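Undergrad: If it helps, the file is called input_7.cif and holds mmCIF, C-alpha atoms, pLDDT in the B column; chains and numbers go by the auth columns:
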data_coords
#
loop_
_atom_site.group_PDB
_atom_site.id
_atom_site.type_symbol
_atom_site.label_atom_id
_atom_site.label_comp_id
_atom_site.label_asym_id
_atom_site.label_seq_id
_atom_site.Cartn_x
_atom_site.Cartn_y
_atom_site.Cartn_z
_atom_site.B_iso_or_equiv
_atom_site.auth_seq_id
_atom_site.auth_asym_id
ATOM 1 C CA MET A 1 39.867 38.059 -3.301 84.00 1 A
ATOM 2 C CA PHE A 2 41.751 35.131 -1.803 92.00 2 A
ATOM 3 C CA ILE A 3 42.650 33.458 -5.107 95.00 3 A
ATOM 4 C CA ALA A 4 44.834 36.390 -6.181 96.00 4 A
ATOM 5 C CA ASP A 5 46.733 36.249 -2.885 97.00 5 A
ATOM 6 C CA LEU A 6 47.107 32.489 -3.205 96.00 6 A
ATOM 7 C CA TYR A 7 48.502 32.641 -6.734 97.00 7 A
ATOM 8 C CA LEU A 8 50.716 35.589 -5.877 98.00 8 A
ATOM 9 C CA GLY A 9 52.141 33.621 -2.962 98.00 9 A
ATOM 10 C CA MET A 10 52.801 30.652 -5.222 97.00 10 A
ATOM 11 C CA ALA A 11 54.553 32.868 -7.771 98.00 11 A
ATOM 12 C CA LEU A 12 56.644 34.564 -5.110 98.00 12 A
ATOM 13 C CA ILE A 13 57.880 31.200 -3.853 98.00 13 A
ATOM 14 C CA SER A 14 59.176 30.441 -7.330 96.00 14 A
ATOM 15 C CA THR A 15 61.052 33.751 -7.404 97.00 15 A
ATOM 16 C CA GLY A 16 62.576 33.082 -3.986 97.00 16 A
ATOM 17 C CA ASP A 17 60.848 35.953 -2.190 98.00 17 A
ATOM 18 C CA LEU A 18 59.743 33.802 0.719 98.00 18 A
ATOM 19 C CA ASP A 19 58.839 36.663 3.062 98.00 19 A
ATOM 20 C CA ALA A 20 56.447 38.216 0.555 98.00 20 A
ATOM 21 C CA ALA A 21 55.100 34.766 -0.362 98.00 21 A
ATOM 22 C CA GLU A 22 54.377 34.013 3.282 98.00 22 A
ATOM 23 C CA ARG A 23 52.513 37.314 3.710 98.00 23 A
ATOM 24 C CA SER A 24 50.473 36.696 0.581 98.00 24 A
ATOM 25 C CA LEU A 25 49.549 33.141 1.565 97.00 25 A
ATOM 26 C CA LYS A 26 48.550 34.209 5.060 97.00 26 A
ATOM 27 C CA GLN A 27 46.391 36.920 3.489 97.00 27 A
ATOM 28 C CA ALA A 28 44.747 34.269 1.286 96.00 28 A
ATOM 29 C CA LEU A 29 43.866 32.285 4.408 96.00 29 A
ATOM 30 C CA ALA A 30 42.576 35.393 6.177 95.00 30 A
ATOM 31 C CA VAL A 31 40.300 36.297 3.273 95.00 31 A
ATOM 32 C CA GLY A 32 39.264 32.879 1.970 93.00 32 A
ATOM 33 C CA GLY A 33 39.585 30.834 5.111 87.00 33 A
ATOM 34 C CA SER A 34 40.897 27.302 5.224 78.00 34 A
ATOM 35 C CA THR A 35 37.941 25.973 3.259 82.00 35 A
ATOM 36 C CA GLN A 36 38.606 28.019 0.144 89.00 36 A
ATOM 37 C CA ALA A 37 42.332 28.684 0.504 88.00 37 A
ATOM 38 C CA ARG A 38 43.354 25.330 1.942 92.00 38 A
ATOM 39 C CA ALA A 39 46.242 24.984 -0.524 94.00 39 A
ATOM 40 C CA ALA A 40 47.868 27.939 1.245 97.00 40 A
ATOM 41 C CA HIS A 41 48.717 25.599 4.132 97.00 41 A
ATOM 42 C CA LEU A 42 50.694 23.391 1.759 97.00 42 A
ATOM 43 C CA TYR A 43 52.625 26.300 0.298 98.00 43 A
ATOM 44 C CA LEU A 44 53.298 27.760 3.745 98.00 44 A
ATOM 45 C CA ALA A 45 54.636 24.355 4.777 98.00 45 A
ATOM 46 C CA SER A 46 56.991 24.408 1.803 98.00 46 A
ATOM 47 C CA ILE A 47 58.253 27.862 2.793 98.00 47 A
ATOM 48 C CA TYR A 48 58.886 26.734 6.360 98.00 48 A
ATOM 49 C CA ASN A 49 60.604 23.595 5.106 98.00 49 A
ATOM 50 C CA LEU A 50 62.920 25.687 2.915 97.00 50 A
ATOM 51 C CA ARG A 51 63.747 27.793 5.971 98.00 51 A
ATOM 52 C CA LYS A 52 64.371 24.612 7.959 98.00 52 A
ATOM 53 C CA ASN A 53 61.568 25.585 10.347 98.00 53 A
ATOM 54 C CA TYR A 54 60.296 22.024 10.464 98.00 54 A
ATOM 55 C CA ARG A 55 57.922 22.492 13.402 98.00 55 A
ATOM 56 C CA ALA A 56 56.042 25.246 11.572 98.00 56 A
ATOM 57 C CA ALA A 57 55.949 23.123 8.400 98.00 57 A
ATOM 58 C CA ILE A 58 54.506 20.199 10.352 98.00 58 A
ATOM 59 C CA ALA A 59 51.922 22.482 11.968 98.00 59 A
ATOM 60 C CA GLU A 60 50.754 23.733 8.553 98.00 60 A
ATOM 61 C CA LEU A 61 50.477 20.208 7.173 98.00 61 A
ATOM 62 C CA GLU A 62 48.606 18.995 10.253 98.00 62 A
ATOM 63 C CA THR A 63 46.233 21.956 9.963 96.00 63 A
ATOM 64 C CA TYR A 64 45.640 21.097 6.318 96.00 64 A
ATOM 65 C CA LEU A 65 44.774 17.491 7.247 96.00 65 A
ATOM 66 C CA ARG A 66 42.623 18.504 10.193 95.00 66 A
ATOM 67 C CA GLU A 67 40.599 20.840 8.003 92.00 67 A
ATOM 68 C CA ASN A 68 40.538 18.426 5.024 92.00 68 A
ATOM 69 C CA PRO A 69 40.474 14.921 6.524 89.00 69 A
ATOM 70 C CA LYS A 70 39.282 13.328 3.261 92.00 70 A
ATOM 71 C CA ALA A 71 41.849 15.040 1.051 93.00 71 A
ATOM 72 C CA ASN A 72 43.005 12.950 -1.909 95.00 72 A
ATOM 73 C CA ASN A 73 46.619 13.636 -0.972 96.00 73 A
ATOM 74 C CA ALA A 74 46.231 12.765 2.734 96.00 74 A
ATOM 75 C CA ALA A 75 48.586 9.765 2.552 96.00 75 A
ATOM 76 C CA ASN A 76 51.293 11.884 0.906 97.00 76 A
ATOM 77 C CA ILE A 77 50.841 14.629 3.494 97.00 77 A
ATOM 78 C CA LYS A 78 51.157 12.131 6.344 97.00 78 A
ATOM 79 C CA GLU A 79 54.342 10.789 4.760 98.00 79 A
ATOM 80 C CA ALA A 80 55.728 14.328 4.459 98.00 80 A
ATOM 81 C CA ILE A 81 54.929 14.960 8.127 98.00 81 A
ATOM 82 C CA ALA A 82 56.812 11.793 9.107 98.00 82 A
ATOM 83 C CA LYS A 83 59.845 12.898 7.066 98.00 83 A
ATOM 84 C CA LEU A 84 59.794 16.340 8.670 98.00 84 A
ATOM 85 C CA ARG A 85 59.531 14.848 12.147 98.00 85 A
ATOM 86 C CA ALA A 86 62.624 12.769 11.393 98.00 86 A
ATOM 87 C CA LYS A 87 64.521 16.033 10.842 96.00 87 A
ATOM 88 C CA LEU A 88 63.681 17.350 14.318 95.00 88 A
#
Using the file provided, produce a representation of the structure as structure tokens.

TA:
Amino acid sequence: MFIADLYLGMALISTGDLDAAERSLKQALAVGGSTQARAAHLYLASIYNLRKNYRAAIAELETYLRENPKANNAANIKEAIAKLRAKL
């Protein structure tokens, strides 16, 4: 069930276990797909940002927007992408 992997990934981020969080979030996407587990892209982006892997963070955010073009938080995501690009 994707929701368990998603919430586990979120919890693992808060404990600082980024490797395990990344695995869990990727599993959530594999099981639930981007339609159901779309929030996983946002959490993966935060992991990559913490690791200073800005290109991967941007890719996750762009994937989120591509798969959810009418997302309520689209403007915020676009702003985050711009800030990450400035770090490249």

Undergrad: Just the residues within 12 Å of Glu62 (chain A), please, counting all atoms listed in the file, with nothing from its chain fewer than 4 positions along; format it as a PDB file with C-alpha atoms, in the coordinates of the input.

TA:
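Output file around38.pdb follows:
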ATOM      1  CA  ARG A  38      43.354  25.330   1.942  1.00 92.00           C
ATOM      2  CA  HIS A  41      48.717  25.599   4.132  1.00 97.00           C
ATOM      3  CA  LEU A  42      50.694  23.391   1.759  1.00 97.00           C
ATOM      4  CA  LEU A  44      53.298  27.760   3.745  1.00 98.00           C
ATOM      5  CA  ALA A  45      54.636  24.355   4.777  1.00 98.00           C
ATOM      6  CA  ARG A  55      57.922  22.492  13.402  1.00 98.00           C
ATOM      7  CA  ALA A  56      56.042  25.246  11.572  1.00 98.00           C
ATOM      8  CA  ALA A  57      55.949  23.123   8.400  1.00 98.00           C
ATOM      9  CA  ILE A  58      54.506  20.199  10.352  1.00 98.00           C
ATOM     10  CA  ARG A  66      42.623  18.504  10.193  1.00 95.00           C
ATOM     11  CA  GLU A  67      40.599  20.840   8.003  1.00 92.00           C
ATOM     12  CA  ASN A  68      40.538  18.426   5.024  1.00 92.00           C
ATOM     13  CA  PRO A  69      40.474  14.921   6.524  1.00 89.00           C
ATOM     14  CA  ALA A  74      46.231  12.765   2.734  1.00 96.00           C
ATOM     15  CA  ILE A  77      50.841  14.629   3.494  1.00 97.00           C
ATOM     16  CA  LYS A  78      51.157  12.131   6.344  1.00 97.00           C
ATOM     17  CA  GLU A  79      54.342  10.789   4.760  1.00 98.00           C
ATOM     18  CA  ALA A  80      55.728  14.328   4.459  1.00 98.00           C
ATOM     19  CA  ILE A  81      54.929  14.960   8.127  1.00 98.00           C
ATOM     20  CA  ALA A  82      56.812  11.793   9.107  1.00 98.00           C
ATOM     21  CA  LEU A  84      59.794  16.340   8.670  1.00 98.00           C
ATOM     22  CA  ARG A  85      59.531  14.848  12.147  1.00 98.00           C
TER      23      ARG A  85
END

Undergrad: My list of candidates is A:Tyr43, A:Lys87, A:Gln36, A:Tyr54. Which is closest to Ala11 (chain A) when distances are computed with all atoms listed in the file?

TA: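 Using all atoms listed in the file, Ala11 (chain A) sits closest to A:Tyr43.
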
Undergrad: Neighbours of region 14-28 of chain A within 10 Å (only C-alpha atoms; same-chain residues fewer than 6 positions away dropped), as a PyMOL selection string?

TA: chain A and resi 1-8+34+36-48+50-51

Undergrad: At what distance in Å, to one decimal, does CA of Ala59 (chain A) lie from CA of Asn73 (chain A)?

TA: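 Interatomic distance here is 16.5 Å.
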
Undergrad: Give the centre and edge lengths of an axis-aligned box, in Å to one decimal, that holds all listed atoms of region 26-33 of chain A with 3 Å on each side, as AutoDock Vina command-line options.

TA:
--center_x 43.9 --center_y 33.9 --center_z 3.7 --size_x 15.3 --size_y 12.1 --size_z 10.9

Undergrad: Tell me which of A:Leu65, A:Ala75, A:Ile13, A:Ala86 sits closest to Thr35 (chain A), counting all atoms listed in the file.

TA: A:Leu65

Undergrad: Which distance in Å separates CA of Gly33 (chain A) and CA of Ala71 (chain A), to one decimal?

TA: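 These two atoms are separated by 16.5 Å.
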
Undergrad: Write a file for region 43-54 of chain A of the given structure; include all heavy atoms and format it as a short mmCIF file (atom, residue, chain, number, x, y, z; two decimals), in the first residue's frame.

TA:
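Listing of decode-v9.cif after writing:
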data_model
loop_
_atom_site.label_atom_id
_atom_site.label_comp_id
_atom_site.auth_asym_id
_atom_site.auth_seq_id
_atom_site.Cartn_x
_atom_site.Cartn_y
_atom_site.Cartn_z
N TYR A 43 8.50 15.46 -1.42
CA TYR A 43 9.39 15.02 -0.34
C TYR A 43 10.75 14.57 -0.88
O TYR A 43 11.78 14.81 -0.26
CB TYR A 43 8.72 13.94 0.50
CG TYR A 43 7.61 14.51 1.33
CD1 TYR A 43 6.28 14.35 0.96
CD2 TYR A 43 7.88 15.25 2.47
CE1 TYR A 43 5.26 14.90 1.71
CE2 TYR A 43 6.87 15.82 3.23
CZ TYR A 43 5.56 15.64 2.84
OH TYR A 43 4.55 16.20 3.58
N LEU A 44 10.74 13.94 -2.05
CA LEU A 44 12.02 13.58 -2.68
C LEU A 44 12.81 14.85 -3.01
O LEU A 44 14.02 14.91 -2.81
CB LEU A 44 11.79 12.74 -3.94
CG LEU A 44 11.42 11.29 -3.69
CD1 LEU A 44 10.93 10.63 -4.97
CD2 LEU A 44 12.60 10.50 -3.12
N ALA A 45 12.11 15.86 -3.50
CA ALA A 45 12.77 17.13 -3.80
C ALA A 45 13.41 17.72 -2.55
O ALA A 45 14.52 18.25 -2.60
CB ALA A 45 11.78 18.12 -4.42
N SER A 46 12.71 17.60 -1.42
CA SER A 46 13.28 18.14 -0.18
C SER A 46 14.53 17.37 0.24
O SER A 46 15.50 17.96 0.72
CB SER A 46 12.24 18.17 0.94
OG SER A 46 11.96 16.89 1.41
N ILE A 47 14.51 16.06 0.04
CA ILE A 47 15.70 15.25 0.34
C ILE A 47 16.87 15.70 -0.52
O ILE A 47 17.98 15.92 -0.04
CB ILE A 47 15.42 13.75 0.13
CG1 ILE A 47 14.47 13.23 1.21
CG2 ILE A 47 16.72 12.94 0.12
CD1 ILE A 47 13.96 11.82 0.95
N TYR A 48 16.63 15.82 -1.82
CA TYR A 48 17.70 16.21 -2.74
C TYR A 48 18.20 17.63 -2.44
O TYR A 48 19.39 17.90 -2.56
CB TYR A 48 17.24 16.08 -4.19
CG TYR A 48 16.86 14.66 -4.55
CD1 TYR A 48 15.79 14.39 -5.37
CD2 TYR A 48 17.56 13.57 -4.03
CE1 TYR A 48 15.43 13.09 -5.69
CE2 TYR A 48 17.20 12.27 -4.34
CZ TYR A 48 16.14 12.03 -5.18
OH TYR A 48 15.79 10.74 -5.48
N ASN A 49 17.30 18.50 -2.03
CA ASN A 49 17.71 19.84 -1.65
C ASN A 49 18.62 19.79 -0.43
O ASN A 49 19.64 20.48 -0.38
CB ASN A 49 16.48 20.71 -1.38
CG ASN A 49 16.84 22.14 -1.09
OD1 ASN A 49 17.71 22.73 -1.72
ND2 ASN A 49 16.20 22.72 -0.10
N LEU A 50 18.25 19.00 0.57
CA LEU A 50 19.09 18.86 1.76
C LEU A 50 20.48 18.32 1.42
O LEU A 50 21.47 18.70 2.04
CB LEU A 50 18.42 17.93 2.78
CG LEU A 50 17.20 18.49 3.49
CD1 LEU A 50 16.47 17.39 4.25
CD2 LEU A 50 17.61 19.62 4.43
N ARG A 51 20.54 17.47 0.42
CA ARG A 51 21.82 16.90 -0.02
C ARG A 51 22.56 17.82 -0.98
O ARG A 51 23.63 17.47 -1.48
CB ARG A 51 21.57 15.56 -0.72
CG ARG A 51 21.09 14.47 0.20
CD ARG A 51 20.84 13.23 -0.60
NE ARG A 51 20.45 12.10 0.22
CZ ARG A 51 19.88 11.01 -0.25
NH1 ARG A 51 19.62 10.90 -1.54
NH2 ARG A 51 19.55 10.04 0.55
N LYS A 52 21.96 18.95 -1.27
CA LYS A 52 22.51 19.92 -2.23
C LYS A 52 22.59 19.35 -3.66
O LYS A 52 23.40 19.78 -4.47
CB LYS A 52 23.86 20.46 -1.77
CG LYS A 52 23.77 21.20 -0.45
CD LYS A 52 25.06 21.84 -0.08
CE LYS A 52 25.09 22.56 1.23
NZ LYS A 52 23.92 22.83 1.98
N ASN A 53 21.72 18.40 -3.95
CA ASN A 53 21.60 17.84 -5.29
C ASN A 53 20.44 18.59 -5.96
O ASN A 53 19.33 18.07 -6.10
CB ASN A 53 21.32 16.33 -5.23
CG ASN A 53 21.31 15.69 -6.59
OD1 ASN A 53 21.29 16.37 -7.61
ND2 ASN A 53 21.27 14.37 -6.61
N TYR A 54 20.73 19.84 -6.34
CA TYR A 54 19.69 20.74 -6.81
C TYR A 54 19.06 20.30 -8.12
O TYR A 54 17.86 20.49 -8.32
CB TYR A 54 20.23 22.16 -6.90
CG TYR A 54 20.79 22.65 -5.59
CD1 TYR A 54 22.08 23.14 -5.50
CD2 TYR A 54 20.02 22.61 -4.43
CE1 TYR A 54 22.60 23.58 -4.28
CE2 TYR A 54 20.53 23.03 -3.20
CZ TYR A 54 21.81 23.52 -3.15
OH TYR A 54 22.32 23.94 -1.94
#
